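Step one of this worksheet: look at the structure below.
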Amino acid sequence: MSEAQDYKHIGQRTIRPDGYDKVTGRANYAADLALPGMIWAKVLRSPHAHARIVSIDISKVEALPDVMAVATHADIPNQADPGAINILAKEKALYHGHAIAGVAAKTETAAEAALALIEVNYEVLPPIMSIEDAMADGAALIHENLITKGMAEQPTSPSNVSSRMEMNKGDMTAGFAEADVIVEREYRTPTVHQGYIEPHACTVRFDEDGQSMIWCSTQGHFGVRASTAGLLNLEQSKLKVIASEIGGGFGGKTVVYLEPLALILSKKSGRPVKIQMDRDEVFKASGPGSATRIKVKIGAKKDGAITAMEAHLYYESGAFPGAAPLGPGCMTIFTPYDVPNQYVEGFDVVVNKAKVAAYRAPGAPQSEYACEMLINELADELGIDPIDFRLQNAAKEDTQTLYGPKLKAVGLVECLEAAKNSAQYKSALEKNQGRGVAAGFWFNIGGVSSVIINMNEDGTGTILEGSPDIGGSRASMQMMAAEELQMPTDTFTAIIPDTAHIAHSDTTGGSRTTFATGMAVVEAAADIVTQFKERAAAVWNVTPEQVEWKDGIAINTSGDGEMTAAEICAAAGRTGGQITGLGNINARGAGPSFAVHIADIEVDTDTGKSDVIRYTAIQDAGKAIHPGYVEGQYQGGAAQGIGWALNEEYIFNKDGLMENPGFLDYRIPLASDLPMIEAIIVEVPNSFHPFGVRGVGETGIIPPLAACGTAVSQAIGIRMSELPLSPPRVLKAILEA
Amino acid sequence: MTKSHITATINGDVREFLCEPGDTLLQSLRDELGLTGTKEGCGSGDCGACSVTVNGRLVCSCLVLAVEVDGAEVGTVEGIGEPDKLHVIQQKFLEHAALQCGICTPGLIVSTKALLEENPSPTEEEARYYLAGNLCRCTGYDKIIKAVMDAAETMRGTA
Amino acid sequence: MATKVIFSSELQKFTGEVQAQVQATNYRGVVAEIVAKYPDLAEDEILKMAVAIDGEIIHDPFLEQIQEGSEVHFLYRISGG
Ligand code: FES
Ligand code: FES
């Protein structure tokens, strides 16, 4: 439906509306708001990975002159809320950095100093830091009553495994029996962090009349309102959440850590309160991505037809049962392959680490890493080019997925072909260099989005949308409104109002914003077109059907007359009041986005250091609204995935304490670590979207893990399986070979 | 504790402020002077979000004590560009879509300006190494480097 | 022609079957029919799931009409990052 269409605004590289504020430093982020009378809070955090809290004595702190309020778990009004124990620990400290108490004081320094005077008596317990530890016979229990869900037979005794799930299709025995070659391997991925550059922070105010306000950086301010109101027993109408500009999220800013605590402290002190996490708190106590252990087995015939695929997944959820993105891990792992026999079993395992949060395509990078590594190994075994091997088995329209429905039109084959034709794939490699190719799949989601377009008296429009803009989506909204109304893009200004000025919108996540909120914008714009016609008809004394809206002008088809938007809006007061378009929807029909990446890596065999020397990221956007920001999503996803593959990992000591909670030792890619990243946009339209849009934000982080993993393996001639492929690990492998 | 009285020229304006002996320049800029364009990403010199210049030298303001800038000239992102006209570097960042969330952008603009003042024709590699202290988690640096190279070319042309 | 409901392996534990034919022409009717047919299937668990109707994934299918001959899958709700 969208291919043949010629777009005027969509597909242009317009300047984003919020850009000026961001290049000049005017843009306000989470930590940038100060209020009159504001005081500062800091959080006391557990120095142990696993400990029973015997007692907390705050009397000395409360006596300090600069201290205005202290809060512990007992101060959380809704003790029954399951989220309460991650805001402030209750009976147990469950991970190194778990929040124990909050102190608000007149200065940040005073708050910090006061923390030392809180006396906590801990009974230290053995930490459970890995899937093996957690599942070992006789392992210490993190939760005494955790009974594994989803087992064929319900277990009678508790364990550290919170749930099991299973999916299958076809006949696995027959599938493997048909295979000429079967390969099998176990892979591991470490705990990683989203690594957004802006730490969590908020400024809040709780007024004497019960009205309260939160200013914070979040992917979803309605989610912040719901969680905080729930924990504090507040009515949503009395809690206003303002989403500041957000300095990166990648899934990590979809939950609350500080906001409820800050509001409790504000209520107690009667002052506005500001809290900002230090970087080490961000690493220790905000949501990391799940560490995993994944076994995969794949069988194929000599001619390259894959006959069966099987996987067993173990995902850490941190200390909170069910937090691991296990479902999507299981659902995505084999989706790029049209193979009749597939089986996946998955386990959610608790360990003494911070509660796992979403991280860009949550769950998929880990499972697809394992699958794609083994696919490349199998291609080698069969002597088939890895792209040809994938093309032969690629998922396409009507492929039956393991998780349920058949796929609609998708762009995997197109991405693979683009990869094959890319300049990089045709280039030659030199000594100590290797090349890896990998595919990636992510569903994308739709969901609830609310949009209002207010037409101003001069014919310009203000778009109010409920989805925080992380990567330039305001620009896309303006373009989509312009396209639908056939008016210039700069007629529109998109803003994200607070929770009191627009209805609930789901969190920006799941690559949903340009897709779903974009659909809501189109609906609101169409609503305006209808009203423009009605108003022009009223002026001309004709019926709305006799009015045509074309190139931003109303035309009287049954007589003489044209009216511009400005003229209609100027007359709106006389024709029925001001004009507002409404688009409150629950978007469905999100289109999956497939990607294929190619990594060329050179390994220094003396040090084990890997350098990415060339990289191409290809992905199906459905339709790229703003190609510059679509490419940016591909490149940013690739860079994060490269970091995950080559360097990033949480390092814990034997007591379960995190040893590298800073950017120096948790090394995310620097400008000098990366080459240019060639981004190729493939467009296979999503038939469910008016412009064919698929989400693009997440898939790009999936393929780099196996693309880099394979490239390094090839460069050193050793099949690596555990991430990250950091210099010490690669060097060790070289020395042991 | 007695506070120190500091006088410094900030973005060309003489400004006075009080600070504790342990306060960083970053804290004073943000909390005392209201110059929140300079960002904190780590507080330990690892991310570059707090980049400013002190007497023309590029520094991490989280590693400089506020008392150290007494009598100095400090340049922050707020001092780049003119009231009604962006600096070429700012313009190029916008044109190349070299920012997504934008939290790293002020630091990168300050660092890029310092780079191009030192070296008006950097190679891609020189630009990447000079800016290695400015972390960006969103963009993969591709568009940032393109914006920097384009800004360098434009500035050479107009100089 | 009726509507075909296809159960995931997880749900098959409760249904004992891969698929069922139902007569309902809307989502709520489908849920009512299958929980009546399979007593082990817990209604509140089913209501938490998303559905795919002829390949279109719908997270909140409450008001959904279902064409005769459609294929309906119940799936885990996916959220993103
Ligand atoms: S805040 Fe100064 S370098 Fe990160
Ligand atoms: S644009 Fe987000 S960190 Fe650079």
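Here, A, B, ... name the chains of the structure tokens in the order displayed, residue numbers run from 1 inside each chain, and ligands are numbered from 1 in the same displayed order.
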
Contacts to ligand 1 at 8 Å cut-off (only C-alpha atoms and all ligand atoms) as a VMD selection string = chain B and resid 26 39 to 51 60 to 63 133 to 134

Neighbours of ligand 2 within 8 Å, counting only C-alpha atoms and all ligand atoms, as a PyMOL selection string?
-> (chain A and resi 196-198+247-248+471) or (chain B and resi 98-105+135-139)

Residues of chain C that have any atom at most 10 Å from an atom of chain A: could you tabulate them with the shortest-distance atom pair and the distance in Å to one decimal, using only C-alpha atoms, ordered by chain and increasing number, as CSV?
```
residue,atom,partner,partner_atom,distance
C:Ile6,CA,A:Gly404,CA,7.8
C:Phe7,CA,A:Gly404,CA,8.1
C:Ser8,CA,A:Gly404,CA,6.7
C:Ser9,CA,A:Met167,CA,5.1
C:Glu10,CA,A:Glu166,CA,6.1
C:Leu11,CA,A:Met167,CA,9.6
C:Gln12,CA,A:Met167,CA,9.9
C:Lys13,CA,A:Ala152,CA,8.2
C:Val18,CA,A:Lys169,CA,10.0
C:Val51,CA,A:Gly404,CA,9.0
C:Ala52,CA,A:Pro405,CA,6.2
C:Ile53,CA,A:Pro405,CA,7.8
C:Asp54,CA,A:Pro405,CA,7.0
C:Gly55,CA,A:Pro405,CA,4.9
C:Glu56,CA,A:Gly589,CA,5.1
C:Ile57,CA,A:Gly589,CA,5.7
C:Ile58,CA,A:Arg588,CA,5.3
C:His59,CA,A:Gly447,CA,7.0
C:Asp60,CA,A:Asn586,CA,7.8
C:Pro61,CA,A:Arg588,CA,9.5
C:Glu71,CA,A:Pro405,CA,8.2
C:Val72,CA,A:Pro405,CA,7.9
C:His73,CA,A:Gly404,CA,5.8
C:Phe74,CA,A:Gly404,CA,7.3
C:Leu75,CA,A:Gly404,CA,6.7
C:Tyr76,CA,A:Gly327,CA,7.0
C:Arg77,CA,A:Gly327,CA,8.6
C:Ile78,CA,A:Pro328,CA,6.7
C:Ser79,CA,A:Gly510,CA,5.7
C:Gly80,CA,A:Gly510,CA,3.3
C:Gly81,CA,A:Gly251,CA,3.5
```

Identify, on the basis of only C-alpha atoms, every residue whose closest approach to Ala537 in chain A does not exceed 10 Å; exclude the query and any residue fewer than 3 positions from it along the same chain; express the result as a PyMOL selection string.
-> chain A and resi 531-534+540-548+554-556+575

Once you have the residues from the selection above, write them out as a CSV table (one decimal), in the first residue's frame, restricted to C-alpha atoms.
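File selection01.csv, as written:
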```csv
chain,number,residue,atom,x,y,z
A,531,GLN,CA,-12.9,19.4,10.7
A,532,PHE,CA,-11.2,21.7,8.2
A,533,LYS,CA,-13.6,20.5,5.6
A,534,GLU,CA,-16.6,21.1,7.9
A,540,TRP,CA,-19.2,28.6,2.1
A,541,ASN,CA,-22.6,27.3,3.1
A,542,VAL,CA,-22.0,23.9,1.3
A,543,THR,CA,-21.7,20.4,2.7
A,544,PRO,CA,-18.4,19.0,3.9
A,545,GLU,CA,-18.5,16.5,1.1
A,546,GLN,CA,-18.3,19.4,-1.3
A,547,VAL,CA,-15.0,20.5,0.1
A,548,GLU,CA,-11.8,18.9,-0.9
A,554,ALA,CA,-9.7,23.6,1.3
A,555,ILE,CA,-11.3,23.8,-2.1
A,556,ASN,CA,-15.0,24.4,-2.7
A,575,THR,CA,-17.6,28.4,13.0
```

Would you kindly return, as a VMD selection string, each protein, DNA or RNA residue with an atom no farther than 6 Å from any atom of Ala566 in chain A, considering only C-alpha atoms and excluding same-chain residues fewer than 4 positions away?
-> chain A and resid 458 to 459 570

Write the selection just made, keeping N, CA, C and O atoms, as an mmCIF file, in the first residue's frame?
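Listed below is the output, selection13.cif:
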```
data_model
loop_
_atom_site.group_PDB
_atom_site.id
_atom_site.type_symbol
_atom_site.label_atom_id
_atom_site.label_comp_id
_atom_site.auth_asym_id
_atom_site.auth_seq_id
_atom_site.Cartn_x
_atom_site.Cartn_y
_atom_site.Cartn_z
ATOM 1 N N ASP A 458 -3.249 31.028 13.862
ATOM 2 C CA ASP A 458 -2.545 31.388 12.626
ATOM 3 C C ASP A 458 -2.374 30.192 11.686
ATOM 4 O O ASP A 458 -1.661 30.281 10.691
ATOM 5 N N GLY A 459 -2.994 29.073 12.026
ATOM 6 C CA GLY A 459 -2.922 27.925 11.125
ATOM 7 C C GLY A 459 -1.746 27.009 11.394
ATOM 8 O O GLY A 459 -1.547 26.018 10.696
ATOM 9 N N ALA A 570 -8.298 31.014 11.629
ATOM 10 C CA ALA A 570 -8.619 32.378 12.071
ATOM 11 C C ALA A 570 -10.129 32.533 12.240
ATOM 12 O O ALA A 570 -10.599 33.267 13.108
#
```

Polymer residues at most 10 Å from Ala24 in chain C, only C-alpha atoms, same-chain spacing of 2 or more positions, as a list of chain:residue names |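 The residues satisfying every condition are C:Ala2, C:Thr3, C:Gln21, C:Val22, C:Asn26, C:Tyr27, C:Arg28, C:Gly29, C:Val30, C:Val31, C:Ala32, C:Glu33, C:Ile34, C:Gln65, C:Ile66, C:Gln67, C:Glu68.
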
Got time to write the residues from that selection, C-alpha atoms, as a PDB file, in the first residue's frame?
```
ATOM      1  CA  ALA C   2     -15.411 -21.926  12.279  1.00  0.00           C
ATOM      2  CA  THR C   3     -12.455 -20.127  13.811  1.00  0.00           C
ATOM      3  CA  GLN C  21     -12.439 -25.100  16.477  1.00  0.00           C
ATOM      4  CA  VAL C  22     -14.661 -22.462  18.029  1.00  0.00           C
ATOM      5  CA  ASN C  26     -15.273 -12.174  18.933  1.00  0.00           C
ATOM      6  CA  TYR C  27     -12.370 -12.412  21.337  1.00  0.00           C
ATOM      7  CA  ARG C  28     -14.401 -12.671  24.515  1.00  0.00           C
ATOM      8  CA  GLY C  29     -16.497 -15.406  23.002  1.00  0.00           C
ATOM      9  CA  VAL C  30     -13.396 -17.356  22.031  1.00  0.00           C
ATOM     10  CA  VAL C  31     -12.010 -17.132  25.544  1.00  0.00           C
ATOM     11  CA  ALA C  32     -15.334 -18.219  27.035  1.00  0.00           C
ATOM     12  CA  GLU C  33     -15.549 -21.190  24.684  1.00  0.00           C
ATOM     13  CA  ILE C  34     -12.062 -22.479  25.312  1.00  0.00           C
ATOM     14  CA  GLN C  65     -14.143  -9.173  16.313  1.00  0.00           C
ATOM     15  CA  ILE C  66     -13.003 -12.361  14.681  1.00  0.00           C
ATOM     16  CA  GLN C  67     -13.807 -13.246  11.074  1.00  0.00           C
ATOM     17  CA  GLU C  68     -14.910 -16.760  10.317  1.00  0.00           C
TER      18      GLU C  68
END
```

Strand (DSSP E or B) positions in chain C, given as a PyMOL selection string | chain C and resi 3-6+19-22+26+50-53+56-58+65+71-75

Give me the residues within 12 Å of Gly34 in chain B as a compact mmCIF listing (two decimals) with N, CA, C and O atoms, in the first residue's frame, counting only C-alpha atoms and dropping any in the same chain fewer than 2 places off.
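Saved as around_38.txt:
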```txt
# COMPACT_ATOMS: atom_id res chain seq x y z
N GLY A 25 23.02 23.58 24.82
CA GLY A 25 23.05 23.33 26.26
C GLY A 25 21.81 23.81 26.99
O GLY A 25 21.72 23.73 28.20
N ARG A 26 20.83 24.32 26.24
CA ARG A 26 19.61 24.81 26.90
C ARG A 26 18.68 23.68 27.35
O ARG A 26 17.88 23.85 28.24
N ASN A 28 16.87 20.76 29.07
CA ASN A 28 16.90 20.38 30.48
C ASN A 28 16.66 18.89 30.68
O ASN A 28 15.63 18.36 30.29
N ALA A 31 18.71 16.00 35.82
CA ALA A 31 19.42 16.62 36.93
C ALA A 31 19.43 18.15 36.83
O ALA A 31 20.07 18.82 37.63
N ASP A 32 18.74 18.69 35.84
CA ASP A 32 18.89 20.13 35.57
C ASP A 32 17.86 21.02 36.24
O ASP A 32 17.88 22.23 36.05
N LEU A 33 16.96 20.45 37.00
CA LEU A 33 15.93 21.30 37.63
C LEU A 33 16.27 21.57 39.09
O LEU A 33 16.54 20.65 39.87
N ALA A 34 16.26 22.85 39.45
CA ALA A 34 16.41 23.23 40.86
C ALA A 34 15.15 23.98 41.24
O ALA A 34 14.61 24.75 40.44
N LEU A 35 14.64 23.74 42.44
CA LEU A 35 13.44 24.45 42.90
C LEU A 35 13.80 25.26 44.14
O LEU A 35 14.71 24.89 44.89
N ILE B 10 33.46 33.80 32.84
CA ILE B 10 32.79 32.62 32.30
C ILE B 10 32.05 33.01 31.03
O ILE B 10 31.19 33.89 31.05
N ARG B 15 32.09 36.64 36.54
CA ARG B 15 31.09 36.10 37.47
C ARG B 15 31.75 35.84 38.81
O ARG B 15 32.91 35.44 38.88
N PHE B 17 31.19 33.80 42.58
CA PHE B 17 30.39 32.80 43.29
C PHE B 17 31.13 32.27 44.50
O PHE B 17 32.33 32.47 44.65
N LEU B 26 32.36 21.58 38.03
CA LEU B 26 31.08 21.11 37.49
C LEU B 26 29.93 21.47 38.42
O LEU B 26 28.91 22.01 37.99
N GLN B 27 30.10 21.19 39.72
CA GLN B 27 29.04 21.52 40.67
C GLN B 27 28.76 23.01 40.70
O GLN B 27 27.62 23.44 40.71
N SER B 28 29.82 23.81 40.72
CA SER B 28 29.61 25.25 40.79
C SER B 28 28.92 25.78 39.55
O SER B 28 28.03 26.62 39.63
N LEU B 29 29.36 25.29 38.39
CA LEU B 29 28.73 25.74 37.15
C LEU B 29 27.24 25.42 37.17
O LEU B 29 26.41 26.27 36.87
N ARG B 30 26.93 24.21 37.54
CA ARG B 30 25.54 23.77 37.47
C ARG B 30 24.69 24.32 38.61
O ARG B 30 23.61 24.85 38.39
N ASP B 31 25.19 24.15 39.82
CA ASP B 31 24.33 24.44 40.98
C ASP B 31 24.41 25.89 41.45
O ASP B 31 23.44 26.42 41.99
N GLU B 32 25.56 26.54 41.27
CA GLU B 32 25.69 27.92 41.72
C GLU B 32 25.38 28.90 40.60
O GLU B 32 24.75 29.92 40.80
N THR B 36 23.56 24.76 33.36
CA THR B 36 23.33 23.31 33.37
C THR B 36 23.59 22.67 32.00
O THR B 36 23.34 21.48 31.83
N GLY B 37 24.08 23.45 31.05
CA GLY B 37 24.45 22.85 29.76
C GLY B 37 25.60 21.87 29.92
O GLY B 37 25.72 20.90 29.17
N THR B 38 26.44 22.10 30.91
CA THR B 38 27.53 21.17 31.20
C THR B 38 26.95 20.01 32.01
O THR B 38 26.32 20.23 33.04
N LYS B 39 27.13 18.80 31.52
CA LYS B 39 26.42 17.65 32.10
C LYS B 39 27.35 16.78 32.95
O LYS B 39 28.55 16.74 32.73
N THR B 76 32.10 27.36 28.44
CA THR B 76 31.16 26.23 28.47
C THR B 76 30.35 26.25 27.18
O THR B 76 30.45 27.18 26.39
N GLU B 78 27.42 26.99 26.73
CA GLU B 78 26.55 28.16 26.62
C GLU B 78 27.25 29.33 25.94
O GLU B 78 26.58 30.26 25.46
```

Gap from CA of Ala66 in chain B to CA of His200 in chain A - Å, one decimal =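 CA of Ala66 in chain B sits 24.4 Å away from CA of His200 in chain A.
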
Please determine the contact residues of chain A with respect to chain B at a cut-off of 7 Å, counting only C-alpha atoms, and supply them as a PyMOL selection string.
-> chain A and resi 15+19+22-26+32+195-199+246-248+278-279+470-472+628-629+632+635-636+639+663-664+670-672+676-677

Could you tell me how far CA of Val612 in chain A lies from CA of Ile598 in chain A, in Å and to one decimal?
-> 10.5 Å

Which distance in Å separates CA of Phe347 in chain A and CA of Ser130 in chain A, to one decimal?
->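 Going from CA of Phe347 in chain A over to CA of Ser130 in chain A, I get 13.2 Å.
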
For each of A:Ala536, A:Leu464, A:Ala101, A:Leu429, take the minimum atom-to-atom distance to Thr557 in chain A, counting only C-alpha atoms, then give the residue where this is smallest.
-> A:Ala536

Hey, what's within 9 Å of Leu41 in chain C if we count only C-alpha atoms and toss same-chain stuff fewer than 4 positions away? As a list in words, please?
->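 Final neighbour list, sorted by chain and number: Leu11, Lys13, Phe14, Thr15, Ile34, Val35, Ala36, Lys37, Glu45 and Ile46 of chain C.
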
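With only C-alpha atoms as the atoms that count, the minimum distance from Asp150 in chain B to the choices B:Ser111, B:Val88, B:Leu65, B:Val54 is reached by B:Val88.
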